[in-house]
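J.: Okay, handing you the structure first.
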Amino acid sequence: MQILVNFAIPVLFAALLFSGIATLFHKNKKLSVAINSSLFLLILVTGIYYSVTGISFNSLSLYHIYPFSSFLLMLFSLAFVLVSIAAYELDSSYLKFGMLLPLLSIGVFSVSMASSLLTIIVSMELMTVPTILLIALNGKDFAEPSTKLFLLSAISIAVLAFAIALIFPYDSSLSITQAVSGTIGSAYFMVLSLVLFVAALGVEAALFPFNLWIPDVYQGSPSGVSPLIAGINKKVAFVALIEISFVVFAGDKSSIVPVFEILAVLTMFFGNLAAMVQTNVKRLLAYSSISQAGYIMVGLASVTAFGLESSLFQIFAHSFMIIGAFVIAGFLAANGIESIGGYSGLYKRNGFLAFSLTVIMLSMAGIPGLIGFVGKFLLFSSAISSGLIALAFIGIINSFISIYYYGKLISSIYSGASGKTMHVPNGIYVVVFIAIAIVIAFGIYPAPLMAVSSRAAASLFGII
Amino acid sequence: MLTILVILPIVAASFLALLTYGKEKYTGPVVLVGSLITSAMVVYDSLVSPGAVQQIAWFGISGYTIHITTQLLPLNIILSLLIAIITPLIMFYSMGYMEVKTERPRFYFEIGIFAAAMLLFAIAGNFITMFIAWEMLGVTSYLLIGFWYQKDNPPYAARKSISTILIGDFAMLAAMLSVWVSYHTFSFSRILALPTNPVLPIAMFLVLVATFTKSAQFPFHEWLADAMEGPTPVSAFLHSSTMVKAGVFLVLVLFPLFVKSGLSELILAIGIISALLGASNAISSHHIKKILAYSTIEDLGLMFVAIGLHAIIAAVLFFIVQAFYKALLFMSAGSIMRANGEEEDIYKTYGSYKRKLLYIPMLIGVLSIAGIFPLSGFFGKAAIDAAALSNTYVYIILAVIDFATSAYIFRWLFIHSRREPAHVELSYSSIPKSMLYSGAITSVLVLAAAIAFFNVSGFLSYYAYASKLSIGLAEAVIESAIVIFGISASYYLFHVKKPSGTVTTKAYYVLFNSVMVNAAYSYIAKAVMYFAEGINLIEEMLYGFFASGAYGIIAMSAGLRKIVTGDANDYLIAFVAGIILIILIMLV
């Protein structure tokens, strides 16, 4: 039993790797999606087990398993189930997903459990390269988004390596289970290192001004990939940012606050203001997800366990909201509906999709009774309790602004003439149903999720 | 068993109802079965775990946990049993009433959720749970009153009701905030146990405003009459056990707090004004359902009078008996309208005596509301009158109201039971069975409700402040004499004299049109309107301010979009600029 507990994750990783490579040979889409999804579900079960028992240990002296990483294992494994089913339905050539998703997921899970900076940088690479391939393998039309993603992530990884190099000399250690001994007050190298970390991870985490590529890539990516980048890759960058800024730079929390604060404000305003004039729904969702990154930064800026708890809650919430939204938008884009105007009459063409998209939009706008409201409520109250009242106020103003474009989309859905009834494949139904079930269930009864994320946040703060 | 689970079957059935589009003949039975299961669970809970207070942690934040709390104290049991009895009857009645098949799923969904909200309200044990139910009631009643949204009047009536109710919601929210700030708890039992607090009177005044909006008391009573635009089952439901009872019930539950805050006199005064207004409007109206609606305003006013006189048991007794006879009268009104081609003017409806299964239950209801011994209404009225004995002025006013009540309700009966003129065609034989049977069942309940008089004192002995209930022989005789006088006056004026509905003499006009009260009311309304126009002016200025702000934001938005050029070189430049920006922040 003990062995099973300790080595479940490495064994499942091996199985994922095998499943990915096996896909190259059997070339059976159904088999591949079935095996991958069940492996992700097994990881979900493992994550739930770890989280319920509150277990904490080192596996292979490579992975650090504690409530923080168990929370992320649950979050990402469930997200991967949804993403792989959605990709199966949305992408006619699923095989590349069948092979690359397992590889990519190992990277994602490794960042969540990383115990050294080296694990983070290698795992980020392991996550990004398959993502670029997933976009690029669709042909010439997708050269532009894949090149942009490649260019920016290459720079980001290079800068990340440089940032690590700058703090390595202090302790001759790459471990992220303890704080670095140098402090920002004592050395400018430390300042530079922190700045480079934030900039490098800000690229994937969609922080302004490192996020200008986001709208192009989210919009230009194939329908199966956008939920993946928005729902998982972006969150992984946040995880790495949390691990580095709250553990490695634990001694310098006070100097992190103004940086995070200003990035939060800029990112929220950039995302929300730019979203207002968008006419393409995928692009609108891209900007909206930038603004949500800003909200997540509000929680991080308060550098307390409560702030981290609310950020983790929002990361969870936004993952499933944006996966649901992008799956619907991707499915409709595959049917030739891309602009907000094209969404008119959707409620008559398919009531379920219209209802789900409405619920997700309302949740993102922060309407009470849905998960997005609880997330924002926690975030802003954490900012207030840390004395960042101006930041909370700006966040609330941004919530108001965001109602404009979410409302525009909703009113478009419920107006206009009816068209042909749309047939929706079962996989899409399942994915969207799970997404809105999470949005509604945790919106009405958030206590369990709050308890888990609170334990995760406390355990991360407990390391140092 | 968790008490809150009682709302589950009816909620599930309501959602199932939405799935029955295309198979509408199942909609009614599905919701009826759901409501019956709910009723059985309510009865089971009140027998097995009376007095249970249960807390479920909803979510916690910075040390405070927000709970969903339910309680099954005697008052909660009384209201939830009332709902449990009346909900299935209403559902049964609606099965015949709802002729338009395609609208059935929507109707049953809305009314089912409405019933569930009221049940949740009845078992709520803290402000949060109560407020959730309160809001759900507001929203579902808006939907139900505006159910026939294709017509002209219902959307207007629905808007009127929701605007009034929103005032109450706002007051309730403010009250909850003040309670939280001063007590740091939302639980009813905790707040009742804690010593008084300087903020309490303000909070309780706000709660009172909120209850007046829900219970349609002066000056918020007008929406109730307009709410008659909704389907008849909704009226029957709204006026008997749900919605309007919510306000009175909340005051009963929190009664000691109102006494502590010194608000009894205000409750008494508003109760008297509302009862007088209701009675005078009921006596002058021509609308078959609005007469009953004004009568409800009067009934609720009487309940507030009893509360203001600290006669809790009298209030609760009247609370119980009123539910049954009002449900019955609305059901009967719906049947009469059906037989007269949905005609709503009592001077144009005829022949209600033609169907015995309709007429006899209705007669029981009318005798009960008038206050004839030994029907349940008599005990309710007499208990309140007995409580007012110590206060002569109130007693006289109550006597006038009793007289008016018996007069207007018999006017109602006499006029629509006239023999029809030759040119009018009636279809009493075509009234659906479910509408008649549910009325008949309710009439049996009206008769049975008299038992409440003998049991309610003992049942409420849990509450220390509930004094004993006693009706002296002298009061009973006086009460009956007044009622019989009212009936005779009504018989003379509306049966013997064969009125046509057009007012002729001045005395008649003054006496029965309550011209003074209405005129005063319209002056108040005008003053309020001027005030509202002033507010409107400020609002328009604010709107202009915000609109220009919004245009500015959209212009900024268009400018900001230009940053994203699509050129990867620019993105790299932004990356470097960002690094420089952060370094600057760090160094400053």
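Scheme for the structure tokens: letters A, B, ... for chains in order shown; per-chain residue numbers from 1; ligand numbers from 1 in order shown.
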Taking only C-alpha atoms into account, find every residue of chain A that has an atom no more than 9 Å from chain B, and write it out as a PyMOL selection string.

T.: chain A and resi 147-148+151-152+155+191-192+195-196+198-199+203+208-213+215-216+255-256+258-259+262-263+270+272-278+306+378+381-382+385+401+444-448+450-451

J.: Mind writing the picked residues with C-alpha atoms as a PDB file, in the first residue's frame?

T.:
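Ended up saving to result.pdb:
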ATOM      1  CA  THR A 147       5.682  30.970 -34.639  1.00  0.00           C
ATOM      2  CA  LYS A 148       4.511  33.665 -32.247  1.00  0.00           C
ATOM      3  CA  LEU A 151       9.266  33.010 -30.314  1.00  0.00           C
ATOM      4  CA  LEU A 152       7.804  34.271 -27.064  1.00  0.00           C
ATOM      5  CA  ILE A 155      12.599  34.076 -25.004  1.00  0.00           C
ATOM      6  CA  VAL A 191      16.373  42.282  -7.988  1.00  0.00           C
ATOM      7  CA  LEU A 192      17.271  41.388 -11.533  1.00  0.00           C
ATOM      8  CA  VAL A 195      12.305  40.722 -12.364  1.00  0.00           C
ATOM      9  CA  LEU A 196      13.404  38.159 -14.925  1.00  0.00           C
ATOM     10  CA  VAL A 198       8.261  37.566 -13.268  1.00  0.00           C
ATOM     11  CA  ALA A 199       8.828  38.584 -16.888  1.00  0.00           C
ATOM     12  CA  VAL A 203       4.591  35.580 -20.838  1.00  0.00           C
ATOM     13  CA  PHE A 208       0.676  42.920 -19.227  1.00  0.00           C
ATOM     14  CA  PRO A 209       2.913  43.866 -21.089  1.00  0.00           C
ATOM     15  CA  PHE A 210       4.207  40.348 -21.766  1.00  0.00           C
ATOM     16  CA  ASN A 211       0.874  39.134 -23.043  1.00  0.00           C
ATOM     17  CA  LEU A 212       0.422  40.885 -26.388  1.00  0.00           C
ATOM     18  CA  TRP A 213       0.755  37.589 -28.233  1.00  0.00           C
ATOM     19  CA  PRO A 215      -5.103  37.302 -28.498  1.00  0.00           C
ATOM     20  CA  ASP A 216      -3.397  36.303 -31.762  1.00  0.00           C
ATOM     21  CA  SER A 255       9.194  44.148  -2.220  1.00  0.00           C
ATOM     22  CA  ILE A 256       7.077  41.797  -4.352  1.00  0.00           C
ATOM     23  CA  PRO A 258       4.214  46.757  -5.510  1.00  0.00           C
ATOM     24  CA  VAL A 259       5.325  44.760  -8.579  1.00  0.00           C
ATOM     25  CA  ILE A 262       0.974  47.270 -10.633  1.00  0.00           C
ATOM     26  CA  LEU A 263       0.984  44.221 -12.907  1.00  0.00           C
ATOM     27  CA  PHE A 270      -5.712  46.021 -20.509  1.00  0.00           C
ATOM     28  CA  ASN A 272     -11.132  44.466 -19.891  1.00  0.00           C
ATOM     29  CA  LEU A 273     -10.754  47.632 -21.942  1.00  0.00           C
ATOM     30  CA  ALA A 274      -9.461  45.861 -25.018  1.00  0.00           C
ATOM     31  CA  ALA A 275     -12.199  43.216 -24.763  1.00  0.00           C
ATOM     32  CA  MET A 276     -14.920  45.841 -25.064  1.00  0.00           C
ATOM     33  CA  VAL A 277     -14.425  46.505 -28.766  1.00  0.00           C
ATOM     34  CA  GLN A 278     -13.820  42.928 -29.904  1.00  0.00           C
ATOM     35  CA  PHE A 306      -5.637  34.031   2.435  1.00  0.00           C
ATOM     36  CA  LEU A 378     -12.423  36.065  -2.027  1.00  0.00           C
ATOM     37  CA  SER A 381     -11.648  40.598   0.384  1.00  0.00           C
ATOM     38  CA  SER A 382      -8.111  39.221   0.607  1.00  0.00           C
ATOM     39  CA  SER A 385      -7.703  42.413   4.519  1.00  0.00           C
ATOM     40  CA  ILE A 401     -16.460  47.224 -17.034  1.00  0.00           C
ATOM     41  CA  ILE A 444     -23.753  27.617  -4.568  1.00  0.00           C
ATOM     42  CA  TYR A 445     -21.694  25.542  -2.149  1.00  0.00           C
ATOM     43  CA  PRO A 446     -18.059  26.715  -2.291  1.00  0.00           C
ATOM     44  CA  ALA A 447     -17.076  25.397   1.163  1.00  0.00           C
ATOM     45  CA  PRO A 448     -15.276  22.178   0.026  1.00  0.00           C
ATOM     46  CA  MET A 450     -12.399  26.729  -0.305  1.00  0.00           C
ATOM     47  CA  ALA A 451     -11.268  24.222   2.327  1.00  0.00           C
TER      48      ALA A 451
END

J.: For Phe186 (chain B), find every residue with an atom within 9 Å (counting only C-alpha atoms), except residues of its own chain fewer than 2 positions away, and show them as a PDB file with C-alpha atoms, in the first residue's frame.

T.:
ATOM      1  CA  ILE B  66     -21.918  31.724   6.957  1.00  0.00           C
ATOM      2  CA  HIS B  67     -24.474  29.013   7.708  1.00  0.00           C
ATOM      3  CA  GLY B 125     -33.385  29.894  10.946  1.00  0.00           C
ATOM      4  CA  ASN B 126     -31.134  32.807  10.085  1.00  0.00           C
ATOM      5  CA  PHE B 127     -31.172  35.973   8.056  1.00  0.00           C
ATOM      6  CA  ILE B 128     -29.090  34.538   5.200  1.00  0.00           C
ATOM      7  CA  MET B 176     -29.043  42.522   7.738  1.00  0.00           C
ATOM      8  CA  VAL B 179     -27.584  43.247  12.473  1.00  0.00           C
ATOM      9  CA  TRP B 180     -24.266  41.788  11.348  1.00  0.00           C
ATOM     10  CA  TYR B 183     -24.225  41.166  16.628  1.00  0.00           C
ATOM     11  CA  HIS B 184     -21.763  39.356  14.306  1.00  0.00           C
ATOM     12  CA  PHE B 188     -32.440  34.196  14.746  1.00  0.00           C
ATOM     13  CA  SER B 189     -32.135  32.271  17.996  1.00  0.00           C
ATOM     14  CA  ARG B 190     -28.768  33.846  18.849  1.00  0.00           C
ATOM     15  CA  ILE B 191     -29.979  37.381  18.149  1.00  0.00           C
TER      16      ILE B 191
END

J.: Which residues, written as an MDAnalysis selection string, have at least one atom at most 6 Å from region 313-320 of chain B, with only C-alpha atoms counted and residues fewer than 3 positions away on the same chain left out?

T.: chainID B and resid 303 306 323 380 383:384

J.: Residues within 6 Å of region 73-85 of chain A, please, as a CSV table (one decimal) with C-alpha atoms, in the first residue's frame. Count only C-alpha atoms; anything in the same chain fewer than 5 positions from it doesn't count.

T.:
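Listing of out06.csv after writing:
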chain,number,residue,atom,x,y,z
A,37,SER,CA,-8.7,10.0,-20.2
A,40,PHE,CA,-6.0,11.3,-16.2
A,44,LEU,CA,-7.4,12.7,-10.4
A,47,GLY,CA,-4.8,13.7,-6.3
A,431,VAL,CA,-17.4,18.5,-21.4

J.: Record the distance separating CA of Phe461 (chain A) and CA of Ala305 (chain A), expressed in Å with one decimal.

T.: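 Taking CA of Phe461 (chain A) and CA of Ala305 (chain A), their separation equals 6.8 Å.
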
J.: Fewer than 5 positions away in the same chain doesn't count, so skip those; otherwise give me all residues within 12 Å of Ala143 (chain A), counting only C-alpha atoms, as a PDB file with C-alpha atoms, in the first residue's frame.

T.:
ATOM      1  CA  ILE A 132       3.615  24.611 -30.294  1.00  0.00           C
ATOM      2  CA  LEU A 133       3.563  21.348 -32.224  1.00  0.00           C
ATOM      3  CA  LEU A 134      -0.146  20.897 -31.626  1.00  0.00           C
ATOM      4  CA  ILE A 135      -0.740  24.245 -33.318  1.00  0.00           C
ATOM      5  CA  ALA A 136       1.888  23.923 -36.031  1.00  0.00           C
ATOM      6  CA  LEU A 137       0.964  20.381 -37.116  1.00  0.00           C
ATOM      7  CA  ASN A 138      -2.314  21.689 -38.516  1.00  0.00           C
ATOM      8  CA  LYS A 148       4.511  33.665 -32.247  1.00  0.00           C
ATOM      9  CA  LEU A 149       4.091  31.197 -29.423  1.00  0.00           C
ATOM     10  CA  PHE A 150       7.478  29.659 -30.257  1.00  0.00           C
ATOM     11  CA  LEU A 151       9.266  33.010 -30.314  1.00  0.00           C
ATOM     12  CA  ASP A 216      -3.397  36.303 -31.762  1.00  0.00           C
ATOM     13  CA  VAL A 217      -2.544  32.829 -30.546  1.00  0.00           C
ATOM     14  CA  GLY A 220      -5.526  31.637 -34.332  1.00  0.00           C
ATOM     15  CA  SER A 221      -5.118  28.257 -32.659  1.00  0.00           C
ATOM     16  CA  PRO A 222      -7.168  25.281 -33.783  1.00  0.00           C
TER      17      PRO A 222
END

J.: For the alpha helix (DSSP H) assignment from backbone DSSP, which residues of region 229-264 of chain A qualify? Please present them as a short mmCIF file (atom, residue, chain, number, x, y, z; two decimals) with N, CA and C atoms, in the first residue's frame.

T.:
data_model
loop_
_atom_site.label_atom_id
_atom_site.label_comp_id
_atom_site.auth_asym_id
_atom_site.auth_seq_id
_atom_site.Cartn_x
_atom_site.Cartn_y
_atom_site.Cartn_z
N LYS A 234 -1.71 28.45 -19.16
CA LYS A 234 -1.66 29.73 -18.47
C LYS A 234 -1.60 29.53 -16.97
N LYS A 235 -2.35 28.57 -16.47
CA LYS A 235 -2.41 28.34 -15.02
C LYS A 235 -1.08 27.77 -14.52
N VAL A 236 -0.42 26.96 -15.37
CA VAL A 236 0.85 26.37 -14.95
C VAL A 236 1.88 27.47 -14.72
N ALA A 237 1.87 28.48 -15.60
CA ALA A 237 2.79 29.60 -15.40
C ALA A 237 2.52 30.27 -14.06
N PHE A 238 1.24 30.38 -13.69
CA PHE A 238 0.92 30.96 -12.40
C PHE A 238 1.46 30.11 -11.26
N VAL A 239 1.32 28.78 -11.43
CA VAL A 239 1.81 27.89 -10.39
C VAL A 239 3.30 28.10 -10.18
N ALA A 240 4.05 28.15 -11.29
CA ALA A 240 5.49 28.36 -11.18
C ALA A 240 5.78 29.70 -10.52
N LEU A 241 5.01 30.71 -10.92
CA LEU A 241 5.20 32.05 -10.34
C LEU A 241 4.96 32.01 -8.83
N ILE A 242 3.91 31.29 -8.42
CA ILE A 242 3.61 31.19 -6.99
C ILE A 242 4.74 30.50 -6.26
N GLU A 243 5.19 29.34 -6.83
CA GLU A 243 6.24 28.58 -6.15
C GLU A 243 7.50 29.42 -5.98
N LYS A 253 9.00 39.33 0.55
CA LYS A 253 7.58 39.49 0.18
C LYS A 253 7.19 40.96 0.04
N SER A 254 7.73 41.78 0.93
CA SER A 254 7.29 43.17 0.91
C SER A 254 7.69 43.87 -0.38
N SER A 255 8.82 43.48 -0.98
CA SER A 255 9.19 44.15 -2.22
C SER A 255 8.48 43.55 -3.43
N ILE A 256 7.85 42.37 -3.24
CA ILE A 256 7.08 41.80 -4.35
C ILE A 256 5.76 42.54 -4.52
N VAL A 257 5.20 43.01 -3.37
CA VAL A 257 3.84 43.56 -3.40
C VAL A 257 3.64 44.63 -4.48
N PRO A 258 4.50 45.72 -4.51
CA PRO A 258 4.21 46.76 -5.51
C PRO A 258 4.28 46.23 -6.94
N VAL A 259 5.22 45.30 -7.22
CA VAL A 259 5.33 44.76 -8.58
C VAL A 259 4.04 44.05 -8.96
N PHE A 260 3.60 43.13 -8.10
CA PHE A 260 2.38 42.37 -8.40
C PHE A 260 1.18 43.29 -8.49
N GLU A 261 1.18 44.30 -7.61
CA GLU A 261 0.03 45.21 -7.59
C GLU A 261 -0.11 45.94 -8.93
N ILE A 262 1.04 46.50 -9.39
CA ILE A 262 0.97 47.27 -10.63
C ILE A 262 0.68 46.36 -11.82
N LEU A 263 1.28 45.15 -11.82
CA LEU A 263 0.98 44.22 -12.91
C LEU A 263 -0.50 43.85 -12.89
N ALA A 264 -1.07 43.65 -11.70
CA ALA A 264 -2.49 43.30 -11.60
C ALA A 264 -3.35 44.39 -12.20
#

J.: For each of B:Phe403, B:Phe220, B:Tyr347, B:Tyr543, take the minimum atom-to-atom distance to Val483 (chain B), counting only C-alpha atoms, then give the residue where this is smallest.

T.: B:Phe403

J.: Need to verify the contact set: Ile145 (chain B), 12 Å, only C-alpha atoms, exclusion of same-chain residues closer than 4 positions in sequence. Can you return it as an MDAnalysis selection string?

T.: chainID B and resid 107 110:111 114 137:141 149 151 153:162 223:235 237:238

J.: Take the residues that were just selected and, keeping N, CA and C atoms, output them as a compact mmCIF listing (two decimals), in the first residue's frame.

T.:
# COMPACT_ATOMS: atom_id res chain seq x y z
N PHE B 107 -45.53 27.37 -16.40
CA PHE B 107 -46.35 27.73 -15.25
C PHE B 107 -45.99 26.88 -14.04
N GLU B 110 -42.56 27.66 -12.56
CA GLU B 110 -42.50 28.90 -11.76
C GLU B 110 -43.23 28.73 -10.44
N ILE B 111 -44.42 28.12 -10.48
CA ILE B 111 -45.19 28.04 -9.24
C ILE B 111 -44.57 27.03 -8.29
N PHE B 114 -41.74 28.73 -6.67
CA PHE B 114 -42.35 29.70 -5.75
C PHE B 114 -42.72 29.01 -4.43
N LEU B 137 -38.70 34.38 -3.64
CA LEU B 137 -40.12 34.73 -3.66
C LEU B 137 -40.35 35.94 -4.54
N GLY B 138 -39.50 36.95 -4.38
CA GLY B 138 -39.66 38.16 -5.16
C GLY B 138 -39.58 37.87 -6.65
N VAL B 139 -38.56 37.12 -7.04
CA VAL B 139 -38.35 36.86 -8.47
C VAL B 139 -39.47 36.00 -9.03
N THR B 140 -39.82 34.91 -8.32
CA THR B 140 -40.85 34.02 -8.87
C THR B 140 -42.21 34.70 -8.88
N SER B 141 -42.49 35.56 -7.88
CA SER B 141 -43.79 36.23 -7.91
C SER B 141 -43.84 37.20 -9.08
N TYR B 149 -47.60 37.45 -20.29
CA TYR B 149 -46.85 38.63 -20.69
C TYR B 149 -47.24 39.14 -22.06
N LYS B 151 -50.25 39.87 -22.90
CA LYS B 151 -51.32 40.86 -22.74
C LYS B 151 -50.72 42.21 -22.32
N ASN B 153 -51.76 44.37 -19.55
CA ASN B 153 -51.65 44.73 -18.15
C ASN B 153 -50.66 43.91 -17.33
N PRO B 154 -50.59 42.60 -17.51
CA PRO B 154 -49.73 41.82 -16.59
C PRO B 154 -48.28 42.30 -16.50
N PRO B 155 -47.60 42.62 -17.61
CA PRO B 155 -46.21 43.08 -17.42
C PRO B 155 -46.14 44.32 -16.56
N TYR B 156 -47.14 45.20 -16.73
CA TYR B 156 -47.16 46.43 -15.94
C TYR B 156 -47.35 46.10 -14.46
N ALA B 157 -48.29 45.18 -14.17
CA ALA B 157 -48.55 44.80 -12.78
C ALA B 157 -47.32 44.14 -12.17
N ALA B 158 -46.66 43.29 -12.99
CA ALA B 158 -45.48 42.60 -12.48
C ALA B 158 -44.39 43.59 -12.15
N ARG B 159 -44.25 44.62 -13.03
CA ARG B 159 -43.22 45.62 -12.79
C ARG B 159 -43.52 46.40 -11.51
N LYS B 160 -44.83 46.69 -11.33
CA LYS B 160 -45.23 47.43 -10.14
C LYS B 160 -44.90 46.62 -8.89
N SER B 161 -45.21 45.33 -8.94
CA SER B 161 -44.97 44.52 -7.74
C SER B 161 -43.47 44.41 -7.48
N ILE B 162 -42.68 44.21 -8.52
CA ILE B 162 -41.25 44.01 -8.27
C ILE B 162 -40.63 45.32 -7.80
N TRP B 223 -49.51 47.23 -4.82
CA TRP B 223 -49.10 46.19 -5.79
C TRP B 223 -49.98 44.96 -5.71
N LEU B 224 -50.55 44.72 -4.52
CA LEU B 224 -51.28 43.46 -4.32
C LEU B 224 -52.53 43.42 -5.19
N ALA B 225 -53.23 44.56 -5.28
CA ALA B 225 -54.44 44.58 -6.10
C ALA B 225 -54.09 44.39 -7.57
N ASP B 226 -52.99 44.99 -8.00
CA ASP B 226 -52.59 44.83 -9.40
C ASP B 226 -52.11 43.42 -9.69
N ALA B 227 -51.63 42.76 -8.63
CA ALA B 227 -51.12 41.40 -8.83
C ALA B 227 -52.21 40.45 -9.27
N MET B 228 -53.47 40.92 -9.27
CA MET B 228 -54.58 40.09 -9.73
C MET B 228 -54.48 39.77 -11.21
N GLU B 229 -53.57 40.44 -11.91
CA GLU B 229 -53.38 40.14 -13.34
C GLU B 229 -52.81 38.75 -13.54
N GLY B 230 -52.24 38.19 -12.51
CA GLY B 230 -51.67 36.85 -12.63
C GLY B 230 -52.77 35.80 -12.74
N PRO B 231 -52.39 34.56 -13.09
CA PRO B 231 -53.38 33.49 -13.15
C PRO B 231 -54.04 33.29 -11.77
N THR B 232 -55.29 32.83 -11.76
CA THR B 232 -56.03 32.70 -10.50
C THR B 232 -55.37 31.77 -9.48
N PRO B 233 -54.83 30.60 -9.88
CA PRO B 233 -54.17 29.77 -8.86
C PRO B 233 -53.06 30.53 -8.14
N VAL B 234 -52.38 31.39 -8.90
CA VAL B 234 -51.32 32.19 -8.29
C VAL B 234 -51.90 33.12 -7.25
N SER B 235 -53.04 33.77 -7.57
CA SER B 235 -53.68 34.65 -6.60
C SER B 235 -54.05 33.87 -5.37
N PHE B 237 -52.80 31.24 -4.19
CA PHE B 237 -51.60 30.83 -3.47
C PHE B 237 -50.97 32.03 -2.75
N LEU B 238 -50.85 33.12 -3.52
CA LEU B 238 -50.19 34.34 -3.03
C LEU B 238 -50.89 34.88 -1.80

J.: Can you tell me which residues surround Val199 (chain B) at a distance of at most 9 Å, considering only C-alpha atoms, apart from same-chain residues fewer than 6 positions away, and format the answer as a PDB file with C-alpha atoms, in the first residue's frame?

T.:
ATOM      1  CA  SER B 178     -26.812  46.512  10.695  1.00  0.00           C
ATOM      2  CA  VAL B 179     -27.584  43.247  12.473  1.00  0.00           C
ATOM      3  CA  VAL B 181     -22.288  44.832  12.398  1.00  0.00           C
ATOM      4  CA  SER B 182     -23.812  44.889  15.861  1.00  0.00           C
TER       5      SER B 182
END

J.: Counting only C-alpha atoms, figure out which residue out of A:Phe168, A:Leu160, A:Asn233, A:Ser173 gets nearest to Leu201 (chain A).

T.: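 Closest residue, counting only C-alpha atoms: A:Leu160.
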
J.: Quick one: distance from CA of Gly22 (chain B) to CA of Thr421 (chain A) in Å, one decimal?

T.: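 Answer for the CA of Gly22 (chain B) to CA of Thr421 (chain A) separation: 17.2 Å.
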
J.: For each of B:Thr185, B:Ile86, B:Phe378, B:Ile346, take the minimum atom-to-atom distance to Tyr64 (chain B), counting only C-alpha atoms, then give the residue where this is smallest.

T.: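 Distance minimum relative to Tyr64 (chain B) lands on B:Thr185.
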
J.: Counting only C-alpha atoms, which of A:Phe400, A:Phe442, A:Phe320, A:Tyr218 gets nearest to Phe269 (chain A)?

T.: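 Under the stated criterion, the closest residue is A:Phe400.
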
J.: Which is closest to Thr442 (chain B) among B:His239, B:Lys326, B:Lys23, B:His416, if we use only C-alpha atoms?

T.: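 Once distances to Thr442 (chain B) are computed over only C-alpha atoms, the minimum belongs to B:Lys326.
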